[in-house]
file upload.csv (CSV, C-alpha atoms and all ligand atoms)
chain,number,residue,atom,x,y,z
A,1,MET,CA,-14.7,-2.0,0.4
A,2,ILE,CA,-13.6,1.5,1.5
A,3,GLU,CA,-15.8,4.6,1.7
A,4,VAL,CA,-14.2,7.9,2.4
A,5,LYS,CA,-16.7,10.7,3.1
A,6,ASN,CA,-16.0,14.4,3.6
A,7,LEU,CA,-12.6,13.7,5.1
A,8,TYR,CA,-10.5,16.5,6.7
A,9,LYS,CA,-7.2,16.5,8.5
A,10,VAL,CA,-6.0,19.7,9.9
A,11,TYR,CA,-2.6,20.0,11.6
A,12,LYS,CA,-1.7,23.0,13.8
A,13,VAL,CA,1.8,24.3,13.2
A,14,GLY,CA,2.4,27.1,15.6
A,15,ASP,CA,-0.4,29.6,15.0
A,16,THR,CA,-1.2,28.4,11.5
A,17,LYS,CA,-3.4,25.5,10.4
A,18,VAL,CA,-2.3,23.1,7.6
A,19,TYR,CA,-5.2,21.5,5.8
A,20,ALA,CA,-3.5,18.2,4.8
A,21,LEU,CA,-6.9,16.8,3.7
A,22,ASN,CA,-9.5,19.3,2.6
A,23,GLY,CA,-12.8,17.4,2.0
A,24,VAL,CA,-12.0,14.1,0.3
A,25,ASP,CA,-14.7,11.7,-0.9
A,26,PHE,CA,-14.4,8.4,-2.8
A,27,THR,CA,-15.3,4.8,-2.8
A,28,ILE,CA,-12.9,1.9,-3.5
A,29,TYR,CA,-14.3,-1.4,-4.5
A,30,LYS,CA,-13.2,-4.9,-3.6
A,31,GLY,CA,-10.6,-6.3,-6.0
A,32,GLU,CA,-9.5,-2.9,-7.2
A,33,PHE,CA,-5.9,-1.7,-7.6
A,34,CYS,CA,-6.0,2.1,-6.9
A,35,ALA,CA,-3.3,4.7,-6.9
A,36,ILE,CA,-3.3,7.9,-5.0
A,37,VAL,CA,-1.1,10.2,-7.0
A,38,GLY,CA,0.1,13.7,-6.4
A,39,PRO,CA,3.1,15.9,-5.7
A,40,SER,CA,5.1,16.1,-2.5
A,41,GLY,CA,3.0,17.6,0.3
A,42,SER,CA,-0.3,17.0,-1.4
A,43,GLY,CA,-1.7,14.8,1.4
A,44,LYS,CA,-1.1,11.3,0.0
A,45,SER,CA,0.5,9.8,3.1
A,46,THR,CA,-2.0,11.5,5.4
A,47,LEU,CA,-4.8,9.9,3.4
A,48,LEU,CA,-3.2,6.5,3.5
A,49,ASN,CA,-2.5,6.7,7.2
A,50,MET,CA,-6.1,7.5,7.8
A,51,MET,CA,-7.5,4.7,5.7
A,52,ALA,CA,-5.0,2.3,7.5
A,53,GLY,CA,-6.2,3.5,10.9
A,54,LEU,CA,-2.8,4.9,11.8
A,55,GLU,CA,-4.1,8.5,12.3
A,56,LYS,CA,-7.5,9.9,13.2
A,57,PRO,CA,-9.2,12.4,10.9
A,58,SER,CA,-10.2,15.8,12.1
A,59,LYS,CA,-13.6,15.4,10.5
A,60,GLY,CA,-15.3,12.9,8.2
A,61,GLU,CA,-15.9,9.2,7.8
A,62,ILE,CA,-13.9,6.2,6.8
A,63,VAL,CA,-16.0,3.0,6.4
A,64,ILE,CA,-14.2,-0.2,5.7
A,65,GLY,CA,-16.3,-3.4,5.3
A,66,GLY,CA,-19.1,-1.7,7.1
A,67,ASN,CA,-17.0,-0.5,10.1
A,68,HIS,CA,-16.5,3.1,10.9
A,69,ILE,CA,-12.8,3.1,11.6
A,70,GLU,CA,-12.7,6.8,12.7
A,71,LYS,CA,-14.8,5.8,15.7
A,72,LEU,CA,-12.6,2.8,16.9
A,73,SER,CA,-10.5,3.0,20.0
A,74,GLU,CA,-6.7,2.6,19.7
A,75,ASN,CA,-6.9,-1.0,20.9
A,76,LYS,CA,-9.6,-1.8,18.4
A,77,LEU,CA,-7.6,-0.1,15.6
A,78,VAL,CA,-4.6,-2.3,16.4
A,79,ALA,CA,-6.8,-5.4,16.1
A,80,PHE,CA,-8.4,-4.1,12.9
A,81,ARG,CA,-5.0,-3.6,11.3
A,82,ARG,CA,-3.7,-7.0,12.4
A,83,LYS,CA,-6.7,-8.7,11.0
A,84,HIS,CA,-7.5,-6.9,7.8
A,85,VAL,CA,-4.6,-4.7,6.6
A,86,GLY,CA,-1.2,-5.5,4.9
A,87,PHE,CA,1.6,-3.0,4.3
A,88,ILE,CA,4.2,-2.8,1.6
A,89,PHE,CA,6.9,-0.2,2.3
A,90,GLN,CA,9.5,1.5,0.1
A,91,SER,CA,12.3,0.3,2.4
A,92,TYR,CA,11.1,-3.3,2.5
A,93,ASN,CA,11.8,-3.6,6.3
A,94,LEU,CA,13.1,-7.1,6.1
A,95,ILE,CA,15.1,-8.7,8.9
A,96,LYS,CA,18.6,-9.0,7.5
A,97,THR,CA,19.6,-12.1,9.5
A,98,MET,CA,16.6,-14.1,8.4
A,99,ASN,CA,16.2,-15.8,5.0
A,100,ALA,CA,13.4,-15.0,2.5
A,101,THR,CA,11.0,-17.6,3.8
A,102,GLU,CA,11.6,-16.8,7.4
A,103,ASN,CA,10.9,-13.1,6.8
A,104,VAL,CA,7.5,-14.1,5.2
A,105,ALA,CA,6.7,-16.5,8.1
A,106,LEU,CA,7.6,-14.1,10.9
A,107,PRO,CA,4.4,-12.0,11.1
A,108,LEU,CA,2.4,-15.3,11.1
A,109,SER,CA,4.2,-16.4,14.2
A,110,PHE,CA,3.0,-13.2,16.0
A,111,ARG,CA,-0.5,-14.3,15.1
A,112,GLY,CA,0.2,-17.7,16.7
A,113,VAL,CA,0.1,-19.8,13.6
A,114,PRO,CA,1.9,-23.1,14.2
A,115,LYS,CA,5.4,-23.5,12.7
A,116,LYS,CA,4.5,-26.1,10.1
A,117,ILE,CA,1.6,-24.2,8.8
A,118,ARG,CA,3.4,-20.9,8.7
A,119,ASN,CA,6.4,-22.4,6.8
A,120,GLU,CA,4.0,-23.9,4.3
A,121,LYS,CA,2.2,-20.6,3.8
A,122,ALA,CA,5.4,-18.7,3.6
A,123,LEU,CA,6.7,-21.0,0.9
A,124,LYS,CA,3.4,-20.7,-1.1
A,125,TYR,CA,3.8,-16.9,-1.2
A,126,ILE,CA,7.5,-17.0,-1.9
A,127,LYS,CA,6.6,-19.2,-5.0
A,128,LEU,CA,3.8,-16.8,-6.0
A,129,VAL,CA,6.2,-13.9,-6.2
A,130,GLY,CA,8.7,-15.9,-8.2
A,131,LEU,CA,11.4,-16.4,-5.6
A,132,GLU,CA,11.5,-20.2,-5.2
A,133,LYS,CA,15.2,-20.3,-6.0
A,134,GLN,CA,16.0,-17.6,-3.5
A,135,LYS,CA,13.8,-19.1,-0.7
A,136,LYS,CA,16.8,-19.7,1.6
A,137,HIS,CA,18.7,-16.5,0.7
A,138,MET,CA,19.3,-14.0,3.5
A,139,ALA,CA,17.6,-10.6,3.0
A,140,ASN,CA,20.9,-8.9,2.5
A,141,GLU,CA,21.9,-11.4,-0.2
A,142,MET,CA,19.1,-10.3,-2.5
A,143,SER,CA,18.6,-7.5,-4.9
A,144,GLY,CA,16.3,-4.6,-4.2
A,145,GLY,CA,13.6,-6.1,-6.5
A,146,GLN,CA,13.9,-9.5,-4.8
A,147,GLN,CA,13.7,-7.9,-1.4
A,148,GLN,CA,10.5,-6.1,-2.5
A,149,ARG,CA,9.1,-9.4,-3.7
A,150,VAL,CA,9.7,-10.8,-0.2
A,151,GLY,CA,7.9,-7.7,1.2
A,152,ILE,CA,4.9,-8.4,-1.0
A,153,ALA,CA,4.9,-12.1,-0.1
A,154,ARG,CA,5.1,-11.1,3.6
A,155,ALA,CA,2.0,-8.8,3.2
A,156,LEU,CA,0.0,-11.4,1.3
A,157,ALA,CA,0.7,-14.3,3.6
A,158,MET,CA,-1.4,-12.6,6.3
A,159,ASP,CA,-4.5,-12.8,3.9
A,160,PRO,CA,-5.3,-9.1,4.4
A,161,LYS,CA,-8.5,-7.7,2.9
A,162,ILE,CA,-6.7,-4.5,2.0
A,163,ILE,CA,-3.0,-3.9,1.1
A,164,PHE,CA,-1.5,-0.4,1.4
A,165,ALA,CA,1.7,0.3,-0.5
A,166,ASP,CA,3.6,3.5,0.0
A,167,GLU,CA,5.9,4.3,-2.9
A,168,PRO,CA,6.6,0.5,-3.2
A,169,THR,CA,9.1,0.9,-6.1
A,170,GLY,CA,10.8,4.0,-4.8
A,171,ASN,CA,14.2,2.4,-4.5
A,172,LEU,CA,14.1,0.3,-7.7
A,173,ASP,CA,15.4,0.8,-11.2
A,174,SER,CA,12.9,1.2,-14.1
A,175,LYS,CA,13.0,-2.4,-15.3
A,176,THR,CA,12.5,-3.8,-11.8
A,177,THR,CA,9.8,-1.2,-11.1
A,178,LYS,CA,7.9,-2.5,-14.1
A,179,GLU,CA,8.3,-6.1,-12.9
A,180,ILE,CA,7.1,-5.4,-9.4
A,181,LEU,CA,4.1,-3.3,-10.6
A,182,GLY,CA,3.2,-6.1,-13.0
A,183,LEU,CA,3.4,-8.6,-10.2
A,184,MET,CA,1.2,-6.4,-8.0
A,185,GLN,CA,-1.4,-6.1,-10.8
A,186,LYS,CA,-1.4,-9.9,-11.4
A,187,ILE,CA,-1.8,-10.7,-7.7
A,188,VAL,CA,-4.6,-8.3,-7.2
A,189,ARG,CA,-6.4,-9.9,-10.1
A,190,GLU,CA,-5.8,-13.5,-9.2
A,191,GLN,CA,-6.5,-13.2,-5.5
A,192,ASN,CA,-9.2,-10.5,-5.7
A,193,GLN,CA,-7.3,-8.4,-3.2
A,194,THR,CA,-7.8,-4.6,-2.8
A,195,LEU,CA,-4.6,-2.7,-3.2
A,196,ILE,CA,-4.1,1.0,-2.6
A,197,MET,CA,-0.8,2.5,-3.6
A,198,VAL,CA,0.6,5.9,-3.0
A,199,THR,CA,3.0,7.5,-5.5
A,200,HIS,CA,4.2,10.9,-6.7
A,201,ASP,CA,4.9,9.4,-10.1
A,202,ASN,CA,2.2,9.5,-12.9
A,203,TYR,CA,3.9,6.7,-14.8
A,204,ILE,CA,3.8,4.3,-11.8
A,205,ALA,CA,0.2,5.3,-11.1
A,206,LYS,CA,-0.8,4.1,-14.6
A,207,PHE,CA,-0.4,0.5,-13.5
A,208,ALA,CA,-3.5,0.9,-11.2
A,209,ASP,CA,-7.1,0.3,-12.4
A,210,ARG,CA,-8.0,3.8,-11.1
A,211,GLN,CA,-5.9,6.8,-10.2
A,212,PHE,CA,-7.0,9.4,-7.6
A,213,HIS,CA,-5.2,12.6,-8.4
A,214,ILE,CA,-4.6,14.7,-5.2
A,215,VAL,CA,-3.4,18.3,-4.9
A,216,ASP,CA,-3.6,20.5,-1.7
A,217,GLY,CA,-5.6,17.8,0.1
A,218,LYS,CA,-8.3,17.5,-2.5
A,219,ILE,CA,-9.0,14.8,-5.1
A,220,PHE,CA,-9.4,16.8,-8.3
A,221,LYS,CA,-9.6,13.9,-10.8
A,222,ILE,CA,-10.3,10.2,-10.8
A,223,GLU,CA,-9.0,8.4,-13.9
A,224,GLU,CA,-9.7,4.9,-15.1
A,225,GLN,CA,-7.0,2.9,-16.8
A,226,HIS,CA,-7.7,0.2,-19.4
A,227,HIS,CA,-4.7,-2.0,-19.3
A,228,GLU,CA,-4.9,-3.3,-22.8
A,229,ASP,CA,-4.1,0.2,-24.0
A,230,THR,CA,-1.6,1.0,-21.2
A,231,GLU,CA,0.9,-1.6,-22.1
A,232,GLU,CA,1.5,0.1,-25.4
A,233,GLU,CA,1.6,3.5,-23.9
A,234,ILE,CA,3.9,2.4,-21.1
A,235,ARG,CA,6.3,0.7,-23.6
A,236,ASP,CA,6.7,4.0,-25.4
A,237,GLU,CA,7.4,6.1,-22.4
A,238,GLU,CA,10.5,6.7,-20.3
A,239,VAL,CA,10.3,5.7,-16.7
A,301,LIG,N1,2.4,15.7,11.6
A,301,LIG,C1,2.3,16.8,10.9
A,301,LIG,N2,2.3,18.0,11.4
A,301,LIG,C2,2.1,19.1,10.7
A,301,LIG,N3,1.9,19.1,9.4
A,301,LIG,C3,1.9,17.9,8.7
A,301,LIG,C4,2.1,16.7,9.5
A,301,LIG,N4,2.1,15.7,8.6
A,301,LIG,C5,1.9,16.2,7.4
A,301,LIG,N5,1.8,17.6,7.4
A,301,LIG,C6,1.5,18.5,6.3
A,301,LIG,O1,0.4,18.1,5.6
A,301,LIG,C7,0.6,18.2,4.2
A,301,LIG,C8,0.4,16.8,3.5
A,301,LIG,O2,1.5,16.0,3.9
A,301,LIG,P1,1.7,14.5,3.4
A,301,LIG,O3,2.8,13.9,4.1
A,301,LIG,O4,0.4,13.8,3.5
A,301,LIG,O5,2.0,14.7,1.9
A,301,LIG,P2,2.5,13.7,0.8
A,301,LIG,O6,1.7,13.9,-0.4
A,301,LIG,O7,2.5,12.3,1.3
A,301,LIG,O8,4.0,14.1,0.5
A,301,LIG,P3,5.3,13.3,0.2
A,301,LIG,O9,5.1,12.8,-1.2
A,301,LIG,O10,6.4,14.3,0.2
A,301,LIG,O11,5.5,12.2,1.2
A,301,LIG,C9,1.9,18.8,4.0
A,301,LIG,O12,1.7,20.2,3.9
A,301,LIG,C10,2.7,18.5,5.3
A,301,LIG,O13,3.6,19.5,5.6
call {"tool": "encode", "arguments": {"input": "upload.csv", "output": "structure tokens", "more": "lines below"}}
Ligand SMILES: Nc1ncnc2c1ncn2[C@@H]1O[C@H](COP(=O)(O)OP(=O)(O)OP(=O)(O)O)[C@@H](O)[C@H]1O
result
Amino acid sequence: MIEVKNLYKVYKVGDTKVYALNGVDFTIYKGEFCAIVGPSGSGKSTLLNMMAGLEKPSKGEIVIGGNHIEKLSENKLVAFRRKHVGFIFQSYNLIKTMNATENVALPLSFRGVPKKIRNEKALKYIKLVGLEKQKKHMANEMSGGQQQRVGIARALAMDPKIIFADEPTGNLDSKTTKEILGLMQKIVREQNQTLIMVTHDNYIAKFADRQFHIVDGKIFKIEEQHHEDTEEEIRDEEV
């Protein structure tokens, strides 16, 4: 699904060069839930932004579904993101004066989907994330965990090939964090979606099928997680 080859991103700060990405290589397969995990400043957001086509690499290749996205023009990148990519943010970014279902339906209206179809679709995904009872609740009448479920439903309703999540549970308590990560695992499995999550937290990264550990702009370890074992481990650990 995504091939990253020999990827570099160098920022110039005054006279010095910051190597935010320093030769990154990996492949992510369709249907995988991957975590990019590393400390603050290690290059996680830079890597995510590059894979999502939000920033251009200094060197290297990013091939998504056969397309070299580092070679696309800005207009083509916008079209690529609209068609293939979904985002889940830490801060949810919901419209406060709209209810849960309307928030999920909104991006579909930008795509020109007729009202009846977008409402049906929005409701389907609201149900999938377990919010049927709250479907008419305004965004600001919901808990953080419920708002993040709406954020997940909103990303999924666009049928993206790839979903990027940047610290998606950053504002949530430990119980809700587990619920949201469990939901993300379940959805990736059921819908055969590809999900890439960025986090600084090793515990959170364990919910992914594979973890890419990054430090100083380099991937130094790729770890596979067998979730039958993880559940035990996770139960024993503090969040
Ligand atoms: N626009 C920029 N200009 C200059 N340096 C940048 C820029 N963006 C990022 N950097 C530098 O690149 C490195 C990687 O930053 P990045 O934001 O990717 O790290 P991160 O792992 O996502 O950190 P955090 O967890 O704190 O968000 C850091 O040293 C940062 O200071």
call {"tool": "atom_distance", "arguments": {"input": "upload.csv", "atom1": "atom CA of Lys186 of chain A", "atom2": "atom CA of Glu132 of chain A"}}
result
17.6 Å
call {"tool": "axis_aligned_box", "arguments": {"input": "upload.csv", "around": "ligand LIG 301 (chain A)", "padding_each_side": "5 Å", "output": "lines of an AutoDock Vina configuration file"}}
result
center_x = 3.4
center_y = 16.2
center_z = 5.2
size_x = 16.0
size_y = 18.0
size_z = 22.8
call {"tool": "residues_around", "arguments": {"input": "upload.csv", "residues": "Lys71 of chain A", "least_positions_apart": "3", "cutoff": "12 Å", "atoms": "only C-alpha atoms", "output": "count of residues only"}}
result
18
call {"tool": "closest_residue", "arguments": {"input": "upload.csv", "among": "A:Val113, A:Gly151, A:Ala79, A:Phe87", "to": "Thr101 of chain A", "atoms": "all atoms listed in the file"}}
result
A:Gly151
call {"tool": "closest_residue", "arguments": {"input": "upload.csv", "among": "A:Gly217, A:Gly65, A:Gly31, A:Gly170", "to": "Lys9 of chain A", "atoms": "only C-alpha atoms"}}
result
A:Gly217
call {"tool": "residues_around", "arguments": {"input": "upload.csv", "residues": "Gly144 of chain A", "least_positions_apart": "4", "cutoff": "8 Å", "atoms": "all atoms listed in the file", "output": "list of chain:residue names"}}
result
A:Gln148, A:Asn171, A:Leu172
call {"tool": "residues_around", "arguments": {"input": "upload.csv", "residues": "Glu102 of chain A", "least_positions_apart": "5", "cutoff": "10 Å", "atoms": "only C-alpha atoms", "output": "short mmCIF file (atom, residue, chain, number, x, y, z; two decimals) with C-alpha atoms, in the frame of the given file"}}
result
data_model
loop_
_atom_site.label_atom_id
_atom_site.label_comp_id
_atom_site.auth_asym_id
_atom_site.auth_seq_id
_atom_site.Cartn_x
_atom_site.Cartn_y
_atom_site.Cartn_z
CA LEU A 94 13.10 -7.10 6.10
CA ILE A 95 15.10 -8.70 8.90
CA THR A 97 19.60 -12.10 9.50
CA PRO A 107 4.40 -12.00 11.10
CA ARG A 118 3.40 -20.90 8.70
CA ASN A 119 6.40 -22.40 6.80
CA ALA A 122 5.40 -18.70 3.60
CA LEU A 123 6.70 -21.00 0.90
CA LYS A 135 13.80 -19.10 -0.70
CA LYS A 136 16.80 -19.70 1.60
CA HIS A 137 18.70 -16.50 0.70
CA MET A 138 19.30 -14.00 3.50
CA ALA A 139 17.60 -10.60 3.00
CA VAL A 150 9.70 -10.80 -0.20
CA ARG A 154 5.10 -11.10 3.60
#
call {"tool": "residues_near_ligand", "arguments": {"input": "upload.csv", "ligand": "ligand LIG 301 (chain A)", "cutoff": "9 Å", "atoms": "only C-alpha atoms and all ligand atoms", "output": "ChimeraX atom specification"}}
result
/A:9-13,17-21,37-49,166-167,198-200,214-217
call {"tool": "residues_around", "arguments": {"input": "upload.csv", "residues": "Asp173 of chain A", "least_positions_apart": "4", "cutoff": "12 Å", "atoms": "all atoms listed in the file", "output": "list of chain:residue names"}}
result
A:Ser143, A:Gly144, A:Gly145, A:Pro168, A:Thr169, A:Thr177, A:Lys178, A:Glu179, A:Ile180, A:Glu238, A:Val239
call {"tool": "atom_distance", "arguments": {"input": "upload.csv", "atom1": "atom CA of Lys83 of chain A", "atom2": "atom CA of Val24 of chain A"}}
result
25.7 Å
call {"tool": "atom_distance", "arguments": {"input": "upload.csv", "atom1": "atom CA of Lys127 of chain A", "atom2": "atom CA of Lys206 of chain A"}}
result
26.3 Å
call {"tool": "closest_residue", "arguments": {"input": "upload.csv", "among": "A:Thr27, A:His213, A:Ala208, A:Asn103", "to": "Gln225 of chain A", "atoms": "all atoms listed in the file"}}
result
A:Ala208
call {"tool": "decode", "arguments": {"input": "upload.csv", "residues": "segment 126-146 of chain A", "atoms": "C-alpha atoms", "output": "PDB file, in the first residue's frame"}}
result
ATOM      1  CA  ILE A 126     -22.256   6.607  13.572  1.00  0.00           C
ATOM      2  CA  LYS A 127     -23.693   3.139  14.330  1.00  0.00           C
ATOM      3  CA  LEU A 128     -20.382   1.449  13.536  1.00  0.00           C
ATOM      4  CA  VAL A 129     -18.587   3.525  16.177  1.00  0.00           C
ATOM      5  CA  GLY A 130     -21.339   2.826  18.731  1.00  0.00           C
ATOM      6  CA  LEU A 131     -22.991   6.244  18.874  1.00  0.00           C
ATOM      7  CA  GLU A 132     -26.510   5.503  17.703  1.00  0.00           C
ATOM      8  CA  LYS A 133     -27.998   6.934  20.887  1.00  0.00           C
ATOM      9  CA  GLN A 134     -25.980  10.131  20.536  1.00  0.00           C
ATOM     10  CA  LYS A 135     -26.609  10.599  16.814  1.00  0.00           C
ATOM     11  CA  LYS A 136     -28.467  13.893  17.367  1.00  0.00           C
ATOM     12  CA  HIS A 137     -26.199  15.206  20.111  1.00  0.00           C
ATOM     13  CA  MET A 138     -24.312  18.413  19.416  1.00  0.00           C
ATOM     14  CA  ALA A 139     -20.536  18.017  19.365  1.00  0.00           C
ATOM     15  CA  ASN A 140     -20.171  20.072  22.552  1.00  0.00           C
ATOM     16  CA  GLU A 141     -22.706  17.869  24.356  1.00  0.00           C
ATOM     17  CA  MET A 142     -20.488  14.810  24.025  1.00  0.00           C
ATOM     18  CA  SER A 143     -17.554  13.477  26.038  1.00  0.00           C
ATOM     19  CA  GLY A 144     -14.032  13.513  24.604  1.00  0.00           C
ATOM     20  CA  GLY A 145     -14.250   9.804  23.777  1.00  0.00           C
ATOM     21  CA  GLN A 146     -17.599  10.250  22.040  1.00  0.00           C
TER      22      GLN A 146
END
